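**Q** One structure, pasted below without further comment.
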Amino acid sequence: MRYEFRVTGSVSLLLAETFPDLVAEPLPRQTRFFGTVTDEAHLYGILARFQDLGLRVEEMRRLPE
Amino acid sequence: MPPTEPPLSEPPLSDGGPGATLPWSGDPLLDAKFSVPAAPRAHVPRRRLLGRLGDGANGPLTLITGPAGAGKTTLAAAWTRDGAPPGAVAWLTLDAHDAAPGVFWSYVVEALRRALTRLPGGVTVPACPGGVGTSLLTRLAAATERLPGPVVLVLDGFEKVAGRRVPAGLEFLLDHCGPLLRLVVTSRVDPLLPLHRYRAGDRMTEIRGADLAFTPHEAAVLLRRHDLTPGDDAVRALTQRTEGWAAGLRLCALAMRRTGDPAGFTRSFTASEQAVSDYLLAEVLDARPTAVQELLLRSSVLDRLHPDLVNALTGRRDAEAVLARLTRENAFVEPVPGTAWCRIHPLFAEVLRTRLRIRHPGLVPRLHARAARWLAGAGRVTEALEHAAEAGDWQYGASEAVHRLLVGAVLAAPQAERVERAFSRMPASVPGADAALVAAACRLARHDRAGCRERLAVAERHLRGNGGKGGGGEDGGHGENGAAPDPEAALTHALLRLLCEPQTEGRPAQETARAVSDLMQRIPPECIRAHPEIEALRLHGLARALLGSGRLAEARRLCGEAAGVRATEATLPVRHMSLGLLALAESAEGDLTAAEDHALRSLVIADQHGITADHRSGAAYLAWAEAAFERDDPGVAHRRLEQALACRDVDEDPVLATEAAVLRSRLELVGGRREEALTALCRPGGSDEPWPTQRIALARSAVALARGEHRAAVAALHGTPAGGPAPLVALARAHFAAGRAARAVRLLDRAEDSPHLGLPDRVGIQLLRAHAALLAGDRATAQCLLGRALDTARPERLRRPFAEAGPWLRHLLEGAGGTAAAQARDTWLTAHGGRDLPGPVQPLSNRERDVLLCVQKMMSTDEIADELTLSVNTVKTHLRSVYRKLCVSRRRDAVERGRELHIL
């Protein structure tokens, strides 16, 4: 499964590094993270980590394969 | 209640009284879980929220949700301190290791216990989760009914115990607790509770993220407390930019103080497009002196920081001062109340770890290895092993595990999973006896006996090599070889061998058990005292071996002893297994009441201590199934058998696998499916232990007899090991069916002389004799023998032999039915009343039965109240006592149990 997440604001390289399994891409006033998500547990783990880091998820969707 | 006295004395756990709690280790970190966190410096009291919490605490549930750093804990703590809560406060800080229901609820009980001792005329909370009979939750709910005053239970960080089972238990508690228990839950995510229902019923107060957000006024107060007085515009801009996020505002304050240019900071921050947390983290972290940054980076490998541990990781001496300063500033670390420990704020931990990985990639394993050694030295072995695993320092980890006698804990303790998980990545190539022993223990914990034996063989080779001339590992047990280098390794080896090796005859097991005993003598007594699970496992292993060789009486005695070992967290799982095995031996001998009692207790222990499915023994279900079968209740037997088969050890342990196969075969036979009955007994591999071999032979013989194949029935018994009277009775049955009555009676005479005659066989003999007498035309003797058989079977309500006896029995019974007395004597044979099942200890009252009937119709509490014109609270009270009497904790289970007991 591939997913993308959009979080509020730009995110520094360092913070992006805390998601080694995702690619970060700057957008205007947002950062887009995308990559392969193994399963649901992984997905919820990623969401929890966004929350841990105080990042706000604005949008999340599954990408076509 | 069945009159039979259980042979096992009540374990000390359920003695009640103040001393019966689990031994809380006095670990300050554990105590900290029950302490209300101190207020951060520059704390802003938030009257609007305190007021809402105060109102909320008049109802059963207050829920505080919000993202990390929103100020949930701070708010709840401030309210319990200064908000005049309505009564005593029981505080529980949760962390990720508490997610097992058993662990969680034992903490809840402990938190309440601590709170209630502060109450006048205190109440007895169920002393210990191990008390048996009714489930902990029902007893907890019942205890809350008798509270002398309101009690507030705060569960802080509920998201850490996610999953379904803990919230399900909490839902039960909320539905059934007395009116004086008030719950305050803080969580980052909405808990899996029926919140819509609570909202609709106006039973919950919610304080959500938006409520927790700081208003510009509160933000101004916060900044003022940090000696900052920015203008209204600046305050509004900061509040807007952070969206009132408490942690963000705190970071703003730190950054502003550092730059000395609040206005400049505000401008650049509000102009930046960077994510709030990202901007502020970098701002605050990068402004620290390099040394402090380095300290934080290196400490980020830890869950919790102790000054000495941080010194050990950084090579500094001043960690205490640095940490104290950081704590005071409330910048990166927060204290663990009442201890020298602190933890890195979760907001920073991940960022610091990433930085560490990038800046010093090679350092991470070294830091873990150092942390492991410090923690081991401080006696925090489980954490030490986790760090050793992180470091990939397997040899050190394995050596620590073996020399601290953790083998028993791997097999039994609640930490088992943590330790097992830590070692799960250990490659098989790690050299040395210790690594092989740890791997063996982990495999046995997963019921992989073959894997355990394989690793033990490797360990033995190493132990022999290391032991030099004496061969210490192998022969250490004889106690002569004082030069054997490692009593701990030898003990671990011997204990594991005892537990995993199938016994071809009883002797080697007893020798190994004696070796374990001898080796225990060579270890400092305080170590052995700290690990009572070793002795419990030794007794259990020996009991299991004796059961395998068919020495049931001795096995039962040892199971009882194993279950009676002093209760600690680590011995409770052994108690669960031993009671199950005891029940199994009892059901095989026809002591059905005792079997059901012990099976129930075994299962209750498993439930209440959150023993996970993987570590559960199916022996208790199996015993329960057999008892139900012997009482001619194939439906229940079938259900319990399925439950047993879901447990791993029923697959792996030859004795359990055999009992399951035999029971399956007997059930098929009752259903008239003879082919299936036979195939059920064909197990690939099989076992060469005498008792299971004999049990299979007996079952084969029974199937053959049912098919009318007398010769096969005799042949199946040929050369059965383990001796005892059972094969003689089966042989007699076969010869009798083949028309050789005289020979059968001679065999019965021999069988009856045996002191090991079980109840089913005793009854079977009497019935065979009765049948023989009947065939010989001696109806009076037959009737007399039948009467004796009924008398023998009645105390245990053993119906199976009568159900299997054939049509002659019915005629004889009907013939005997002339007198009322005789009729009264055998009504139990056909009556399937509830009395013969374990519980209910007390019968349900009519009202309780009505309520249960409504529950069966899926009615809600409110609907039941309407239906029966009772108040909701009365319905709840009735429900509670129904649960208590039926030993269940859920509606569905209550209905199911009610059906089983024929109450419904």
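Each chain in the structure tokens gets a letter, A, B and so on, in the order shown; residues start at 1 in every chain, and ligands are counted from 1 in the order they appear.
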Mind checking DSSP for chain A and telling me the strand (DSSP E) residues as a list of chain:residue names?
**A**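 Those in chain A that DSSP calls strand (DSSP E) are A:Arg2, A:Tyr3, A:Glu4, A:Phe5, A:Arg6, A:Val7, A:Thr8, A:Val23, A:Ala24, A:Glu25, A:Pro26, A:Leu27, A:Gln30, A:Thr31, A:Arg32, A:Phe33, A:Phe34, A:Gly35, A:Thr36, A:Val57, A:Glu58, A:Glu59, A:Met60, A:Arg61, A:Arg62, A:Leu63.
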**Q** Just asking: which residues within segment 557-798 of chain B are alpha helix (DSSP H) according to DSSP, as a PyMOL selection string?
**A** chain B and resi 557-564+572-588+592-608+619-630+634-645+648-652+654-670+674-679+690-706+710-716+725-737+741-752+759-775+779-793
**Q** Sorted by chain and rising residue number, list the residues of chain B at most 9 Å from chain A (counting only C-alpha atoms), each with its closest atom pair and distance in Å to one decimal, as a Markdown table.
**A**
```
| residue | atom | partner | partner_atom | distance |
| --- | --- | --- | --- | --- |
| B:Pro67 | CA | A:Gln51 | CA | 6.5 |
| B:Ala68 | CA | A:Asp52 | CA | 6.1 |
| B:Gly69 | CA | A:Gly54 | CA | 7.9 |
| B:Arg188 | CA | A:Gln51 | CA | 8.5 |
| B:Gly248 | CA | A:Gly54 | CA | 8.9 |
| B:Ser272 | CA | A:Gly9 | CA | 8.7 |
| B:Glu273 | CA | A:Gly9 | CA | 5.4 |
| B:Gln274 | CA | A:Ser10 | CA | 4.2 |
| B:Ala275 | CA | A:Gly9 | CA | 4.0 |
| B:Val276 | CA | A:Gly9 | CA | 7.3 |
| B:Ser277 | CA | A:Gly54 | CA | 5.5 |
| B:Asp278 | CA | A:Val11 | CA | 6.3 |
| B:Tyr279 | CA | A:Ser12 | CA | 8.1 |
| B:Ala282 | CA | A:Ser12 | CA | 8.9 |
| B:Pro346 | CA | A:Asp52 | CA | 6.3 |
| B:Leu347 | CA | A:Leu53 | CA | 5.0 |
| B:Phe348 | CA | A:Leu53 | CA | 7.3 |
| B:Ala349 | CA | A:Leu53 | CA | 8.8 |
| B:Glu350 | CA | A:Thr18 | CA | 6.9 |
| B:Val351 | CA | A:Leu15 | CA | 6.3 |
| B:Arg353 | CA | A:Thr18 | CA | 8.2 |
| B:Thr354 | CA | A:Thr18 | CA | 5.6 |
| B:Arg355 | CA | A:Leu14 | CA | 7.0 |
| B:Ile358 | CA | A:Glu17 | CA | 8.7 |
```
**Q** Given the selection you just returned, output its residues as a file containing N, CA and C atoms, formatted as a short mmCIF file (atom, residue, chain, number, x, y, z; two decimals), in the first residue's frame.
**A**
```
data_model
loop_
_atom_site.label_atom_id
_atom_site.label_comp_id
_atom_site.auth_asym_id
_atom_site.auth_seq_id
_atom_site.Cartn_x
_atom_site.Cartn_y
_atom_site.Cartn_z
N PRO B 67 -3.77 16.58 21.79
CA PRO B 67 -2.49 16.09 21.29
C PRO B 67 -1.40 16.17 22.36
N ALA B 68 -0.24 15.62 22.02
CA ALA B 68 0.89 15.66 22.94
C ALA B 68 1.21 17.11 23.28
N GLY B 69 1.47 17.35 24.54
CA GLY B 69 1.84 18.70 24.95
C GLY B 69 0.68 19.66 25.03
N ARG B 188 -4.50 10.78 24.33
CA ARG B 188 -4.25 11.52 23.09
C ARG B 188 -5.27 11.17 22.04
N GLY B 248 3.85 24.39 22.79
CA GLY B 248 4.40 25.37 21.86
C GLY B 248 4.62 26.71 22.54
N SER B 272 7.35 32.67 9.76
CA SER B 272 7.86 31.41 9.22
C SER B 272 6.72 30.50 8.79
N GLU B 273 7.00 29.73 7.75
CA GLU B 273 6.00 28.76 7.30
C GLU B 273 6.28 27.37 7.85
N GLN B 274 7.30 27.28 8.66
CA GLN B 274 7.68 25.97 9.17
C GLN B 274 6.64 25.45 10.16
N ALA B 275 6.55 24.14 10.24
CA ALA B 275 5.64 23.54 11.22
C ALA B 275 6.01 24.04 12.61
N VAL B 276 5.01 24.30 13.43
CA VAL B 276 5.24 24.94 14.74
C VAL B 276 6.24 24.18 15.58
N SER B 277 5.99 22.87 15.74
CA SER B 277 6.85 22.10 16.64
C SER B 277 8.26 22.08 16.08
N ASP B 278 8.37 21.95 14.76
CA ASP B 278 9.68 21.87 14.12
C ASP B 278 10.48 23.14 14.39
N TYR B 279 9.84 24.26 14.14
CA TYR B 279 10.50 25.55 14.32
C TYR B 279 10.97 25.70 15.76
N ALA B 282 13.81 23.21 17.00
CA ALA B 282 15.13 23.61 16.51
C ALA B 282 15.61 24.84 17.27
N PRO B 346 8.26 13.56 25.30
CA PRO B 346 8.07 12.76 24.07
C PRO B 346 8.22 13.60 22.80
N LEU B 347 7.92 14.88 22.91
CA LEU B 347 8.03 15.75 21.75
C LEU B 347 9.47 15.83 21.23
N PHE B 348 10.43 15.69 22.17
CA PHE B 348 11.83 15.83 21.79
C PHE B 348 12.49 14.49 21.51
N ALA B 349 11.98 13.45 22.18
CA ALA B 349 12.73 12.19 22.19
C ALA B 349 13.03 11.72 20.78
N GLU B 350 12.01 11.72 19.94
CA GLU B 350 12.19 11.18 18.60
C GLU B 350 13.18 12.03 17.79
N VAL B 351 13.06 13.34 17.94
CA VAL B 351 13.96 14.24 17.21
C VAL B 351 15.40 14.02 17.66
N ARG B 353 16.67 11.35 18.95
CA ARG B 353 17.15 10.06 18.48
C ARG B 353 17.59 10.15 17.02
N THR B 354 16.80 10.86 16.23
CA THR B 354 17.16 10.98 14.82
C THR B 354 18.48 11.72 14.67
N ARG B 355 18.62 12.80 15.42
CA ARG B 355 19.88 13.54 15.36
C ARG B 355 21.05 12.67 15.72
N ILE B 358 22.01 10.41 12.97
CA ILE B 358 22.66 11.07 11.85
C ILE B 358 24.07 11.51 12.23
#
```
**Q** Determine, counting only C-alpha atoms, which protein, DNA and RNA residues have an atom within 9 Å of an atom of Glu65 of chain A; residues of the same chain fewer than 3 positions away are not included. Present the result as a PyMOL selection string.
**A** chain A and resi 1-2+62
**Q** If we count only C-alpha atoms and set the cut-off at 7 Å, which residues sit around segment 40-48 of chain B, ignoring sequence neighbours fewer than 6 positions away in its own chain? Please answer as a PyMOL selection string.
**A** chain B and resi 221-222+225-226+328+330
**Q** Might you pull out every residue within 10 Å of Glu386 of chain B, with only C-alpha atoms counted and same-chain residues fewer than 5 positions away left off, and present them as a PDB file with N, CA and C atoms, in the first residue's frame?
**A**
```pdb
ATOM      1  N   HIS B 368      23.755   1.858  23.950  1.00  0.00           N
ATOM      2  CA  HIS B 368      22.844   0.831  24.466  1.00  0.00           C
ATOM      3  C   HIS B 368      23.610  -0.171  25.321  1.00  0.00           C
ATOM      4  N   ALA B 369      24.785  -0.570  24.849  1.00  0.00           N
ATOM      5  CA  ALA B 369      25.568  -1.548  25.600  1.00  0.00           C
ATOM      6  C   ALA B 369      25.945  -0.976  26.966  1.00  0.00           C
ATOM      7  N   ALA B 371      24.346   1.402  28.614  1.00  0.00           N
ATOM      8  CA  ALA B 371      23.120   1.497  29.406  1.00  0.00           C
ATOM      9  C   ALA B 371      22.757   0.132  29.976  1.00  0.00           C
ATOM     10  N   ALA B 372      22.936  -0.914  29.162  1.00  0.00           N
ATOM     11  CA  ALA B 372      22.599  -2.266  29.625  1.00  0.00           C
ATOM     12  C   ALA B 372      23.396  -2.588  30.881  1.00  0.00           C
ATOM     13  N   VAL B 381      16.898  -5.562  35.474  1.00  0.00           N
ATOM     14  CA  VAL B 381      17.444  -6.537  34.524  1.00  0.00           C
ATOM     15  C   VAL B 381      16.679  -6.548  33.208  1.00  0.00           C
ATOM     16  N   ALA B 391      21.698  -3.149  21.469  1.00  0.00           N
ATOM     17  CA  ALA B 391      23.110  -3.015  21.136  1.00  0.00           C
ATOM     18  C   ALA B 391      23.595  -4.181  20.293  1.00  0.00           C
ATOM     19  N   GLY B 392      22.782  -5.227  20.202  1.00  0.00           N
ATOM     20  CA  GLY B 392      23.247  -6.436  19.526  1.00  0.00           C
ATOM     21  C   GLY B 392      24.310  -7.147  20.337  1.00  0.00           C
ATOM     22  N   GLY B 397      24.014 -10.009  27.031  1.00  0.00           N
ATOM     23  CA  GLY B 397      22.613 -10.149  27.419  1.00  0.00           C
ATOM     24  C   GLY B 397      22.296 -11.562  27.870  1.00  0.00           C
ATOM     25  N   ARG B 418       8.511  -9.287  27.322  1.00  0.00           N
ATOM     26  CA  ARG B 418       9.532  -8.273  27.064  1.00  0.00           C
ATOM     27  C   ARG B 418      10.873  -8.940  26.825  1.00  0.00           C
ATOM     28  N   VAL B 419      11.216  -9.891  27.691  1.00  0.00           N
ATOM     29  CA  VAL B 419      12.508 -10.549  27.557  1.00  0.00           C
ATOM     30  C   VAL B 419      12.545 -11.356  26.260  1.00  0.00           C
ATOM     31  N   GLU B 420      11.460 -12.068  26.013  1.00  0.00           N
ATOM     32  CA  GLU B 420      11.402 -12.895  24.817  1.00  0.00           C
ATOM     33  C   GLU B 420      11.543 -12.029  23.562  1.00  0.00           C
ATOM     34  N   ARG B 421      10.832 -10.897  23.584  1.00  0.00           N
ATOM     35  CA  ARG B 421      10.892 -10.013  22.419  1.00  0.00           C
ATOM     36  C   ARG B 421      12.321  -9.501  22.243  1.00  0.00           C
ATOM     37  N   ALA B 422      12.958  -9.163  23.387  1.00  0.00           N
ATOM     38  CA  ALA B 422      14.320  -8.641  23.301  1.00  0.00           C
ATOM     39  C   ALA B 422      15.238  -9.652  22.626  1.00  0.00           C
ATOM     40  N   PHE B 423      15.043 -10.926  22.960  1.00  0.00           N
ATOM     41  CA  PHE B 423      15.957 -11.932  22.421  1.00  0.00           C
ATOM     42  C   PHE B 423      15.481 -12.515  21.099  1.00  0.00           C
TER      43      PHE B 423
END
```
**Q** Do you know which residues are at most 8 Å from Phe332 of chain B counting only C-alpha atoms, after dropping those on the same chain fewer than 5 positions away, and could you put them as a VMD selection string?
**A** chain B and resid 326 to 327 344 to 345 348
**Q** Once you have the residues from the selection above, write them out as a tab-separated table (two decimals), in the first residue's frame, restricted to C-alpha atoms.
**A**
```tsv
chain	number	residue	atom	x	y	z
B	326	LEU	CA	16.53	21.34	32.33
B	327	THR	CA	13.75	20.05	34.56
B	344	ILE	CA	12.70	13.23	27.93
B	345	HIS	CA	9.56	14.95	26.80
B	348	PHE	CA	11.83	15.83	21.79
```
**Q** Using atom CA of Asp893 of chain B and atom CA of Leu852 of chain B as the two end points, give the distance in Å to one decimal.
**A**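 Between these atoms lies a distance of 11.0 Å.
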**Q** Which residues, written as a ChimeraX atom specification, have at least one atom at most 7 Å from segment 171-176 of chain B, with only C-alpha atoms counted and residues fewer than 6 positions away on the same chain left out?
**A** /B:137,141,193,876,880
